[in-house]
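Structure file input.txt (compact mmCIF, N, CA and C atoms) is printed below.
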# COMPACT_ATOMS: atom_id res chain seq x y z
N MET A 1 -12.06 12.85 -13.45
CA MET A 1 -12.32 12.91 -12.02
C MET A 1 -13.07 11.65 -11.58
N LYS A 2 -12.59 11.04 -10.52
CA LYS A 2 -13.20 9.80 -10.04
C LYS A 2 -14.51 10.11 -9.30
N LYS A 3 -15.48 9.22 -9.52
CA LYS A 3 -16.76 9.27 -8.82
C LYS A 3 -16.93 7.91 -8.15
N THR A 4 -17.93 7.79 -7.30
CA THR A 4 -18.19 6.48 -6.69
C THR A 4 -19.52 5.94 -7.23
N PHE A 5 -19.48 4.65 -7.55
CA PHE A 5 -20.65 3.97 -8.11
C PHE A 5 -20.93 2.71 -7.30
N LEU A 6 -22.22 2.41 -7.12
CA LEU A 6 -22.63 1.12 -6.59
C LEU A 6 -22.87 0.21 -7.79
N VAL A 7 -22.18 -0.92 -7.80
CA VAL A 7 -22.33 -1.87 -8.90
C VAL A 7 -22.84 -3.18 -8.30
N LYS A 8 -24.03 -3.59 -8.75
CA LYS A 8 -24.65 -4.82 -8.26
C LYS A 8 -24.56 -5.86 -9.37
N VAL A 9 -23.97 -7.02 -9.02
CA VAL A 9 -23.75 -8.09 -10.00
C VAL A 9 -24.32 -9.41 -9.50
N CYS A 10 -24.66 -10.26 -10.45
CA CYS A 10 -25.14 -11.61 -10.15
C CYS A 10 -24.30 -12.58 -10.97
N TYR A 11 -23.80 -13.63 -10.31
CA TYR A 11 -22.95 -14.60 -11.00
C TYR A 11 -22.91 -15.89 -10.21
N GLU A 12 -22.38 -16.92 -10.85
CA GLU A 12 -22.16 -18.20 -10.17
C GLU A 12 -20.76 -18.17 -9.58
N LYS A 13 -20.68 -18.47 -8.30
CA LYS A 13 -19.42 -18.40 -7.56
C LYS A 13 -19.17 -19.75 -6.90
N GLN A 14 -17.91 -20.18 -6.90
CA GLN A 14 -17.56 -21.42 -6.22
C GLN A 14 -17.80 -21.21 -4.73
N THR A 15 -18.59 -22.08 -4.12
CA THR A 15 -18.99 -21.90 -2.73
C THR A 15 -18.28 -22.85 -1.78
N GLY A 16 -17.29 -23.59 -2.25
CA GLY A 16 -16.58 -24.53 -1.37
C GLY A 16 -17.07 -25.94 -1.55
N GLU A 17 -18.25 -26.09 -2.13
CA GLU A 17 -18.74 -27.42 -2.44
C GLU A 17 -18.39 -27.71 -3.90
N ASP A 18 -18.81 -28.85 -4.39
CA ASP A 18 -18.51 -29.18 -5.78
C ASP A 18 -19.25 -28.29 -6.77
N ASN A 19 -20.44 -27.84 -6.39
CA ASN A 19 -21.26 -27.05 -7.30
C ASN A 19 -21.17 -25.57 -6.97
N PRO A 20 -21.05 -24.74 -8.00
CA PRO A 20 -21.07 -23.30 -7.75
C PRO A 20 -22.48 -22.85 -7.37
N GLY A 21 -22.58 -21.76 -6.63
CA GLY A 21 -23.86 -21.21 -6.24
C GLY A 21 -24.02 -19.81 -6.79
N GLN A 22 -25.25 -19.44 -7.09
CA GLN A 22 -25.51 -18.11 -7.62
C GLN A 22 -25.52 -17.10 -6.47
N VAL A 23 -24.79 -15.99 -6.66
CA VAL A 23 -24.73 -14.94 -5.65
C VAL A 23 -25.01 -13.59 -6.30
N THR A 24 -25.49 -12.68 -5.48
CA THR A 24 -25.67 -11.29 -5.88
C THR A 24 -24.84 -10.46 -4.92
N ASP A 25 -23.89 -9.69 -5.46
CA ASP A 25 -22.99 -8.88 -4.65
C ASP A 25 -23.06 -7.43 -5.09
N THR A 26 -22.78 -6.54 -4.14
CA THR A 26 -22.75 -5.11 -4.41
C THR A 26 -21.38 -4.57 -4.03
N TYR A 27 -20.78 -3.83 -4.95
CA TYR A 27 -19.46 -3.23 -4.73
C TYR A 27 -19.57 -1.71 -4.85
N LEU A 28 -18.77 -1.02 -4.05
CA LEU A 28 -18.61 0.42 -4.20
C LEU A 28 -17.32 0.62 -4.98
N VAL A 29 -17.40 1.32 -6.12
CA VAL A 29 -16.26 1.43 -7.03
C VAL A 29 -15.94 2.89 -7.30
N GLU A 30 -14.65 3.24 -7.21
CA GLU A 30 -14.18 4.55 -7.66
C GLU A 30 -13.82 4.42 -9.12
N ALA A 31 -14.45 5.23 -9.97
CA ALA A 31 -14.18 5.18 -11.40
C ALA A 31 -14.62 6.50 -12.03
N GLU A 32 -14.17 6.72 -13.25
CA GLU A 32 -14.53 7.95 -13.94
C GLU A 32 -15.90 7.86 -14.59
N THR A 33 -16.29 6.65 -15.02
CA THR A 33 -17.57 6.47 -15.70
C THR A 33 -18.23 5.18 -15.20
N PRO A 34 -19.54 5.04 -15.44
CA PRO A 34 -20.20 3.79 -15.07
C PRO A 34 -19.60 2.58 -15.79
N SER A 35 -19.22 2.72 -17.05
CA SER A 35 -18.64 1.56 -17.77
C SER A 35 -17.27 1.20 -17.20
N ALA A 36 -16.50 2.19 -16.75
CA ALA A 36 -15.21 1.90 -16.10
C ALA A 36 -15.44 1.19 -14.76
N ALA A 37 -16.50 1.55 -14.05
CA ALA A 37 -16.84 0.89 -12.79
C ALA A 37 -17.21 -0.57 -13.05
N GLU A 38 -18.00 -0.80 -14.10
CA GLU A 38 -18.38 -2.17 -14.47
C GLU A 38 -17.14 -3.01 -14.80
N THR A 39 -16.24 -2.45 -15.58
CA THR A 39 -15.02 -3.16 -15.95
C THR A 39 -14.17 -3.48 -14.72
N ALA A 40 -14.07 -2.53 -13.80
CA ALA A 40 -13.27 -2.74 -12.58
C ALA A 40 -13.82 -3.91 -11.76
N VAL A 41 -15.15 -3.99 -11.63
CA VAL A 41 -15.76 -5.10 -10.89
C VAL A 41 -15.52 -6.41 -11.62
N GLU A 42 -15.71 -6.42 -12.91
CA GLU A 42 -15.49 -7.65 -13.68
C GLU A 42 -14.07 -8.16 -13.50
N GLU A 43 -13.09 -7.27 -13.56
CA GLU A 43 -11.69 -7.65 -13.38
C GLU A 43 -11.42 -8.16 -11.96
N GLU A 44 -12.02 -7.50 -10.97
CA GLU A 44 -11.80 -7.86 -9.57
C GLU A 44 -12.33 -9.27 -9.24
N ILE A 45 -13.50 -9.61 -9.79
CA ILE A 45 -14.13 -10.88 -9.39
C ILE A 45 -13.94 -11.99 -10.42
N LYS A 46 -13.28 -11.70 -11.52
CA LYS A 46 -13.09 -12.68 -12.60
C LYS A 46 -12.62 -14.05 -12.08
N PRO A 47 -11.65 -14.12 -11.14
CA PRO A 47 -11.19 -15.44 -10.69
C PRO A 47 -12.25 -16.27 -9.96
N PHE A 48 -13.32 -15.64 -9.50
CA PHE A 48 -14.34 -16.34 -8.72
C PHE A 48 -15.59 -16.68 -9.53
N VAL A 49 -15.66 -16.20 -10.76
CA VAL A 49 -16.87 -16.37 -11.58
C VAL A 49 -16.82 -17.67 -12.36
N PHE A 50 -17.87 -18.45 -12.22
CA PHE A 50 -18.06 -19.67 -13.01
C PHE A 50 -19.30 -19.43 -13.84
N GLY A 51 -19.16 -19.41 -15.13
CA GLY A 51 -20.32 -19.15 -15.99
C GLY A 51 -20.47 -17.67 -16.27
N GLU A 52 -21.71 -17.25 -16.37
CA GLU A 52 -22.03 -15.90 -16.79
C GLU A 52 -22.08 -14.91 -15.63
N LEU A 53 -21.65 -13.69 -15.91
CA LEU A 53 -21.71 -12.57 -14.97
C LEU A 53 -22.72 -11.57 -15.51
N GLU A 54 -23.68 -11.18 -14.69
CA GLU A 54 -24.69 -10.21 -15.11
C GLU A 54 -24.61 -8.98 -14.21
N VAL A 55 -24.47 -7.81 -14.82
CA VAL A 55 -24.51 -6.56 -14.07
C VAL A 55 -25.97 -6.17 -13.95
N LEU A 56 -26.47 -6.15 -12.71
CA LEU A 56 -27.88 -5.86 -12.49
C LEU A 56 -28.16 -4.36 -12.46
N SER A 57 -27.21 -3.60 -11.86
CA SER A 57 -27.42 -2.15 -11.81
C SER A 57 -26.10 -1.44 -11.51
N ILE A 58 -26.03 -0.21 -11.99
CA ILE A 58 -24.93 0.69 -11.67
C ILE A 58 -25.55 2.04 -11.35
N SER A 59 -25.24 2.56 -10.18
CA SER A 59 -25.78 3.87 -9.81
C SER A 59 -24.71 4.70 -9.12
N LYS A 60 -24.77 5.98 -9.34
CA LYS A 60 -23.82 6.87 -8.70
C LYS A 60 -24.21 6.98 -7.23
N ARG A 61 -23.20 6.97 -6.36
CA ARG A 61 -23.47 7.03 -4.92
C ARG A 61 -22.40 7.87 -4.25
N ASN A 62 -22.82 8.88 -3.55
CA ASN A 62 -21.89 9.76 -2.85
C ASN A 62 -21.97 9.56 -1.34
N PHE A 63 -20.83 9.50 -0.73
CA PHE A 63 -20.74 9.49 0.72
C PHE A 63 -19.96 10.73 1.13
N TRP A 64 -20.44 11.39 2.18
CA TRP A 64 -19.77 12.57 2.70
C TRP A 64 -18.37 12.19 3.18
N ASP A 65 -18.27 11.01 3.78
CA ASP A 65 -16.97 10.50 4.23
C ASP A 65 -17.08 9.01 4.46
N ARG A 66 -15.91 8.39 4.66
CA ARG A 66 -15.83 6.96 4.96
C ARG A 66 -15.01 6.77 6.21
N VAL A 67 -15.45 5.85 7.06
CA VAL A 67 -14.72 5.48 8.28
C VAL A 67 -14.40 4.00 8.13
N ARG A 68 -13.09 3.66 8.16
CA ARG A 68 -12.71 2.27 7.91
C ARG A 68 -11.87 1.72 9.04
N ARG A 69 -12.30 0.60 9.58
CA ARG A 69 -11.47 -0.18 10.49
C ARG A 69 -10.68 -1.14 9.62
N GLU A 70 -9.40 -1.20 9.84
CA GLU A 70 -8.48 -1.96 8.97
C GLU A 70 -8.99 -3.36 8.63
N ASN A 71 -9.47 -4.10 9.60
CA ASN A 71 -9.92 -5.47 9.33
C ASN A 71 -11.42 -5.64 9.55
N GLY A 72 -12.18 -4.57 9.35
CA GLY A 72 -13.63 -4.65 9.49
C GLY A 72 -14.22 -5.54 8.41
N GLU A 73 -15.17 -6.37 8.79
CA GLU A 73 -15.74 -7.35 7.86
C GLU A 73 -17.00 -6.88 7.16
N ASN A 74 -17.68 -5.88 7.71
CA ASN A 74 -18.96 -5.44 7.18
C ASN A 74 -18.94 -3.94 6.88
N PHE A 75 -19.90 -3.52 6.06
CA PHE A 75 -20.08 -2.11 5.77
C PHE A 75 -21.44 -1.67 6.30
N TYR A 76 -21.46 -0.47 6.87
CA TYR A 76 -22.68 0.11 7.42
C TYR A 76 -22.86 1.51 6.84
N GLU A 77 -24.10 1.85 6.53
CA GLU A 77 -24.41 3.18 6.04
C GLU A 77 -25.08 3.96 7.15
N ALA A 78 -24.62 5.19 7.36
CA ALA A 78 -25.20 6.04 8.39
C ALA A 78 -25.74 7.30 7.75
N LYS A 79 -26.87 7.75 8.26
CA LYS A 79 -27.42 9.06 7.91
C LYS A 79 -27.13 9.97 9.09
N VAL A 80 -26.50 11.08 8.79
CA VAL A 80 -26.11 12.03 9.83
C VAL A 80 -26.61 13.41 9.43
N GLU A 81 -27.21 14.11 10.38
CA GLU A 81 -27.63 15.49 10.13
C GLU A 81 -26.58 16.42 10.70
N MET A 82 -25.93 17.17 9.82
CA MET A 82 -24.94 18.16 10.23
C MET A 82 -25.71 19.42 10.64
N ILE A 83 -25.39 19.95 11.80
CA ILE A 83 -26.12 21.10 12.34
C ILE A 83 -25.21 22.32 12.34
N THR A 84 -25.69 23.38 11.71
CA THR A 84 -24.97 24.65 11.76
C THR A 84 -25.92 25.72 12.32
N ILE A 85 -25.37 26.60 13.12
CA ILE A 85 -26.18 27.67 13.71
C ILE A 85 -25.60 28.99 13.25
N ASP A 86 -26.44 29.77 12.59
CA ASP A 86 -26.06 31.09 12.11
C ASP A 86 -27.00 32.09 12.78
N GLY A 87 -26.51 32.73 13.85
CA GLY A 87 -27.37 33.63 14.62
C GLY A 87 -28.44 32.83 15.33
N ASP A 88 -29.69 33.13 15.02
CA ASP A 88 -30.82 32.40 15.62
C ASP A 88 -31.32 31.26 14.74
N LYS A 89 -30.71 31.10 13.58
CA LYS A 89 -31.19 30.11 12.62
C LYS A 89 -30.35 28.83 12.67
N GLU A 90 -31.03 27.70 12.89
CA GLU A 90 -30.38 26.39 12.87
C GLU A 90 -30.65 25.73 11.53
N THR A 91 -29.58 25.25 10.88
CA THR A 91 -29.70 24.57 9.59
C THR A 91 -29.20 23.15 9.75
N ARG A 92 -29.94 22.22 9.16
CA ARG A 92 -29.55 20.81 9.19
C ARG A 92 -29.36 20.32 7.76
N LYS A 93 -28.25 19.66 7.54
CA LYS A 93 -27.96 19.08 6.22
C LYS A 93 -27.72 17.59 6.41
N ALA A 94 -28.48 16.76 5.73
CA ALA A 94 -28.34 15.31 5.83
C ALA A 94 -27.21 14.84 4.92
N VAL A 95 -26.32 14.02 5.47
CA VAL A 95 -25.23 13.42 4.71
C VAL A 95 -25.17 11.93 5.02
N SER A 96 -24.53 11.19 4.11
CA SER A 96 -24.34 9.75 4.31
C SER A 96 -22.87 9.48 4.60
N VAL A 97 -22.63 8.57 5.54
CA VAL A 97 -21.28 8.16 5.90
C VAL A 97 -21.22 6.64 5.79
N LEU A 98 -20.17 6.13 5.18
CA LEU A 98 -19.97 4.68 5.07
C LEU A 98 -18.95 4.26 6.12
N ILE A 99 -19.30 3.24 6.91
CA ILE A 99 -18.43 2.76 7.98
C ILE A 99 -18.11 1.30 7.72
N GLN A 100 -16.83 0.95 7.84
CA GLN A 100 -16.42 -0.45 7.74
C GLN A 100 -16.01 -0.90 9.13
N ASP A 101 -16.70 -1.91 9.64
CA ASP A 101 -16.41 -2.41 10.98
C ASP A 101 -16.95 -3.83 11.09
N ASN A 102 -16.79 -4.44 12.25
CA ASN A 102 -17.21 -5.83 12.43
C ASN A 102 -18.65 -6.00 12.86
N THR A 103 -19.15 -5.12 13.72
CA THR A 103 -20.52 -5.23 14.20
C THR A 103 -21.20 -3.87 14.13
N LEU A 104 -22.52 -3.88 14.20
CA LEU A 104 -23.28 -2.64 14.20
C LEU A 104 -22.89 -1.78 15.40
N GLU A 105 -22.72 -2.40 16.56
CA GLU A 105 -22.35 -1.65 17.76
C GLU A 105 -20.98 -0.98 17.60
N ASP A 106 -20.02 -1.71 17.03
CA ASP A 106 -18.69 -1.13 16.78
C ASP A 106 -18.77 0.01 15.77
N ALA A 107 -19.61 -0.15 14.75
CA ALA A 107 -19.77 0.89 13.74
C ALA A 107 -20.34 2.17 14.34
N VAL A 108 -21.33 2.03 15.20
CA VAL A 108 -21.92 3.21 15.86
C VAL A 108 -20.89 3.88 16.75
N ARG A 109 -20.12 3.08 17.48
CA ARG A 109 -19.07 3.62 18.33
C ARG A 109 -18.01 4.39 17.51
N GLU A 110 -17.58 3.79 16.40
CA GLU A 110 -16.61 4.44 15.52
C GLU A 110 -17.17 5.74 14.94
N LEU A 111 -18.44 5.70 14.56
CA LEU A 111 -19.07 6.89 14.00
C LEU A 111 -19.14 8.02 15.03
N HIS A 112 -19.52 7.68 16.27
CA HIS A 112 -19.53 8.69 17.34
C HIS A 112 -18.14 9.30 17.52
N GLU A 113 -17.12 8.46 17.54
CA GLU A 113 -15.75 8.94 17.71
C GLU A 113 -15.35 9.84 16.54
N PHE A 114 -15.68 9.41 15.33
CA PHE A 114 -15.33 10.16 14.13
C PHE A 114 -16.04 11.52 14.07
N MET A 115 -17.30 11.55 14.52
CA MET A 115 -18.11 12.77 14.39
C MET A 115 -18.06 13.67 15.62
N LYS A 116 -17.28 13.30 16.64
CA LYS A 116 -17.35 14.04 17.90
C LYS A 116 -16.95 15.51 17.78
N SER A 117 -16.16 15.88 16.79
CA SER A 117 -15.77 17.28 16.65
C SER A 117 -16.79 18.08 15.82
N ASN A 118 -17.81 17.41 15.32
CA ASN A 118 -18.85 18.09 14.54
C ASN A 118 -20.14 18.18 15.36
N ASP A 119 -20.89 19.22 15.12
CA ASP A 119 -22.21 19.33 15.73
C ASP A 119 -23.17 18.60 14.80
N CYS A 120 -23.58 17.41 15.22
CA CYS A 120 -24.40 16.59 14.34
C CYS A 120 -25.29 15.66 15.16
N GLU A 121 -26.22 15.05 14.43
CA GLU A 121 -27.11 14.06 15.03
C GLU A 121 -27.15 12.85 14.11
N ILE A 122 -26.85 11.68 14.67
CA ILE A 122 -26.91 10.44 13.90
C ILE A 122 -28.36 9.99 13.89
N THR A 123 -28.94 9.87 12.69
CA THR A 123 -30.35 9.52 12.61
C THR A 123 -30.60 8.07 12.20
N LEU A 124 -29.60 7.41 11.59
CA LEU A 124 -29.79 6.04 11.14
C LEU A 124 -28.44 5.38 10.90
N VAL A 125 -28.29 4.13 11.33
CA VAL A 125 -27.14 3.31 10.97
C VAL A 125 -27.70 1.94 10.62
N LYS A 126 -27.37 1.45 9.42
CA LYS A 126 -27.86 0.14 9.00
C LYS A 126 -26.77 -0.59 8.22
N LYS A 127 -26.88 -1.91 8.23
CA LYS A 127 -25.92 -2.72 7.48
C LYS A 127 -26.15 -2.49 5.99
N SER A 128 -25.07 -2.37 5.26
CA SER A 128 -25.12 -2.11 3.83
C SER A 128 -24.98 -3.40 3.05
N ALA A 129 -25.46 -3.37 1.82
CA ALA A 129 -25.29 -4.51 0.91
C ALA A 129 -23.89 -4.55 0.32
N ILE A 130 -23.12 -3.47 0.48
CA ILE A 130 -21.76 -3.41 -0.07
C ILE A 130 -20.90 -4.49 0.58
N ILE A 131 -20.19 -5.27 -0.26
CA ILE A 131 -19.31 -6.29 0.30
C ILE A 131 -17.84 -5.92 0.18
N ASP A 132 -17.53 -4.95 -0.69
CA ASP A 132 -16.14 -4.54 -0.84
C ASP A 132 -16.08 -3.21 -1.56
N ILE A 133 -14.94 -2.54 -1.40
CA ILE A 133 -14.69 -1.29 -2.11
C ILE A 133 -13.54 -1.52 -3.07
N ILE A 134 -13.77 -1.17 -4.31
CA ILE A 134 -12.71 -1.25 -5.31
C ILE A 134 -12.25 0.18 -5.51
N GLU A 135 -11.06 0.47 -4.99
CA GLU A 135 -10.57 1.84 -4.99
C GLU A 135 -9.69 2.12 -6.19
N GLU A 136 -9.36 3.36 -6.31
CA GLU A 136 -8.58 3.86 -7.45
C GLU A 136 -7.32 3.04 -7.70
N GLU A 137 -6.53 2.75 -6.66
CA GLU A 137 -5.30 2.00 -6.88
C GLU A 137 -5.58 0.58 -7.36
N THR A 138 -6.70 -0.02 -6.96
CA THR A 138 -7.07 -1.34 -7.47
C THR A 138 -7.36 -1.25 -8.96
N ASN A 139 -8.05 -0.17 -9.37
CA ASN A 139 -8.34 0.01 -10.80
C ASN A 139 -7.03 0.15 -11.58
N ASN A 140 -6.06 0.88 -11.04
CA ASN A 140 -4.79 1.06 -11.74
C ASN A 140 -4.03 -0.25 -11.85
N GLU A 141 -4.07 -1.07 -10.80
CA GLU A 141 -3.38 -2.36 -10.83
C GLU A 141 -4.01 -3.24 -11.90
N ASN A 142 -5.35 -3.21 -11.99
CA ASN A 142 -6.03 -4.05 -12.98
C ASN A 142 -5.75 -3.58 -14.40
N ALA A 143 -5.42 -2.31 -14.56
CA ALA A 143 -5.19 -1.77 -15.89
C ALA A 143 -3.82 -2.17 -16.43
N GLU A 144 -2.91 -2.63 -15.57
CA GLU A 144 -1.56 -3.00 -16.01
C GLU A 144 -1.53 -4.36 -16.64

Can you give me the file's structure in the form of structure tokens?
Amino acid sequence: MKKTFLVKVCYEKQTGEDNPGQVTDTYLVEAETPSAAETAVEEEIKPFVFGELEVLSISKRNFWDRVRRENGENFYEAKVEMITIDGDKETRKAVSVLIQDNTLEDAVRELHEFMKSNDCEITLVKKSAIIDIIEEETNNENAE
């Protein structure tokens, strides 16, 4: 069963100048295990790595859902409180939603549109360190 992991890596990347520059990137990866997530990132960025690649951290990360704009350049993380009412009792459950869009304003607008059929309250939207998502089909392509 696939899980999602945040994989943070540090490596030297060609920056367009003659000298490579050191970068730290974070990827969201669908994989069965942390080591499979690490391998998927290494395969994905291999063409851009000059020198050594260091995996700084791998952590499991769950999102209740993802909202993606086809050509969105940035990722934003939102905290949303889902509200359910059972008789006189109101229950709130906090969930995380990942939004891919171009600006913070667009991400908030997309989130409102996405959540309009739910009784919820958006409590936080912030830019994420995630620069890309390596999904299941990408992992399968890399395995061939």

Would you please work out which residue, of A:Val41, A:Val29, A:Val125, A:Val49, is nearest to Tyr11 in chain A when using all atoms listed in the file?
A:Val49

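Between CA of Gly51 in chain A and CA of Glu12 in chain A lies a distance of 6.2 Å.
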
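Separating atom C of Ala78 in chain A from atom C of Glu30 in chain A is a distance of 20.9 Å.
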
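Across the structure, atom C of Met82 in chain A and atom N of Asp101 in chain A are spaced 23.2 Å apart.
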
Of A:Leu111, A:Ala31, A:Ala40, A:Leu104, the one sitting nearest Lys126 in chain A when using only C-alpha atoms is A:Leu104

Near Thr4 in chain A, counting all atoms listed in the file, which residues have an atom at most 6.5 Å away, once you skip same-chain residues fewer than 2 positions from it, shown as a ChimeraX atom specification?
/A:2,6,28-31,59-62

Using all atoms listed in the file, find the one residue out of A:Asp106, A:Ser128, A:Thr123, A:Lys8 that sits nearest to Glu54 in chain A.
A:Lys8

Just list as an NGL selection string whatever in chain A DSSP marks as alpha helix (DSSP H).
:A and (34-45 or 104-115 or 136-143)

Who sits within 6.5 Å of Glu73 in chain A, only N, CA and C atoms, same chain under 5 positions skipped, as number ranges by chain:
A: 100-103

Judged by all atoms listed in the file, the minimum distance to Lys79 in chain A among A:Phe63, A:Ile130, A:Phe114, A:Leu124 is found for A:Leu124

Which of range 3-109 of chain A counts as strand (DSSP E) under DSSP, as a ChimeraX atom specification please?
/A:3-14,20-31,49-60,65-68,74-86,89-101

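Counting only C-alpha atoms, the residue from A:Glu32, A:Glu81, A:Glu52, A:Cys10 that sits nearest to Glu135 in chain A is A:Glu32.
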
Excluding Trp64 in chain A and any residue of its chain fewer than 6 positions from it, enumerate the residues within 6 Å of it, using all atoms listed in the file, and give them as a PyMOL selection string.
chain A and resi 95-97

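Distances here use only C-alpha atoms; by that measure, the residue among A:Thr33, A:Ile133, A:Thr24, A:Lys13 closest to Met1 in chain A is A:Thr33.
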
Got a sec: who's within 8 Å of Asp119 in chain A, counting all atoms listed in the file, leaving out chain neighbours fewer than 3 positions off, as a compact mmCIF listing (two decimals) with N, CA and C atoms, in the frame of the given file?
# COMPACT_ATOMS: atom_id res chain seq x y z
N GLU A 81 -27.21 14.11 10.38
CA GLU A 81 -27.63 15.49 10.13
C GLU A 81 -26.58 16.42 10.70
N MET A 82 -25.93 17.17 9.82
CA MET A 82 -24.94 18.16 10.23
C MET A 82 -25.71 19.42 10.64
N ILE A 83 -25.39 19.95 11.80
CA ILE A 83 -26.12 21.10 12.34
C ILE A 83 -25.21 22.32 12.34
N THR A 84 -25.69 23.38 11.71
CA THR A 84 -24.97 24.65 11.76
C THR A 84 -25.92 25.72 12.32
N MET A 115 -17.30 11.55 14.52
CA MET A 115 -18.11 12.77 14.39
C MET A 115 -18.06 13.67 15.62
N LYS A 116 -17.28 13.30 16.64
CA LYS A 116 -17.35 14.04 17.90
C LYS A 116 -16.95 15.51 17.78
N ILE A 122 -26.85 11.68 14.67
CA ILE A 122 -26.91 10.44 13.90
C ILE A 122 -28.36 9.99 13.89

Go ahead and fit an axis-aligned box to every listed atom of range 45-52 of chain A plus 6 Å each side, and pass me the centre and edge lengths in Å, one decimal, as AutoDock Vina command-line options.
--center_x -16.6 --center_y -14.6 --center_z -12.8 --size_x 22.9 --size_y 22.1 --size_z 20.1

Which residues come within 7 Å of Arg68 in chain A, counting all atoms listed in the file, excluding same-chain residues fewer than 2 positions away, as a ChimeraX atom specification?
/A:66,70-72,98-101
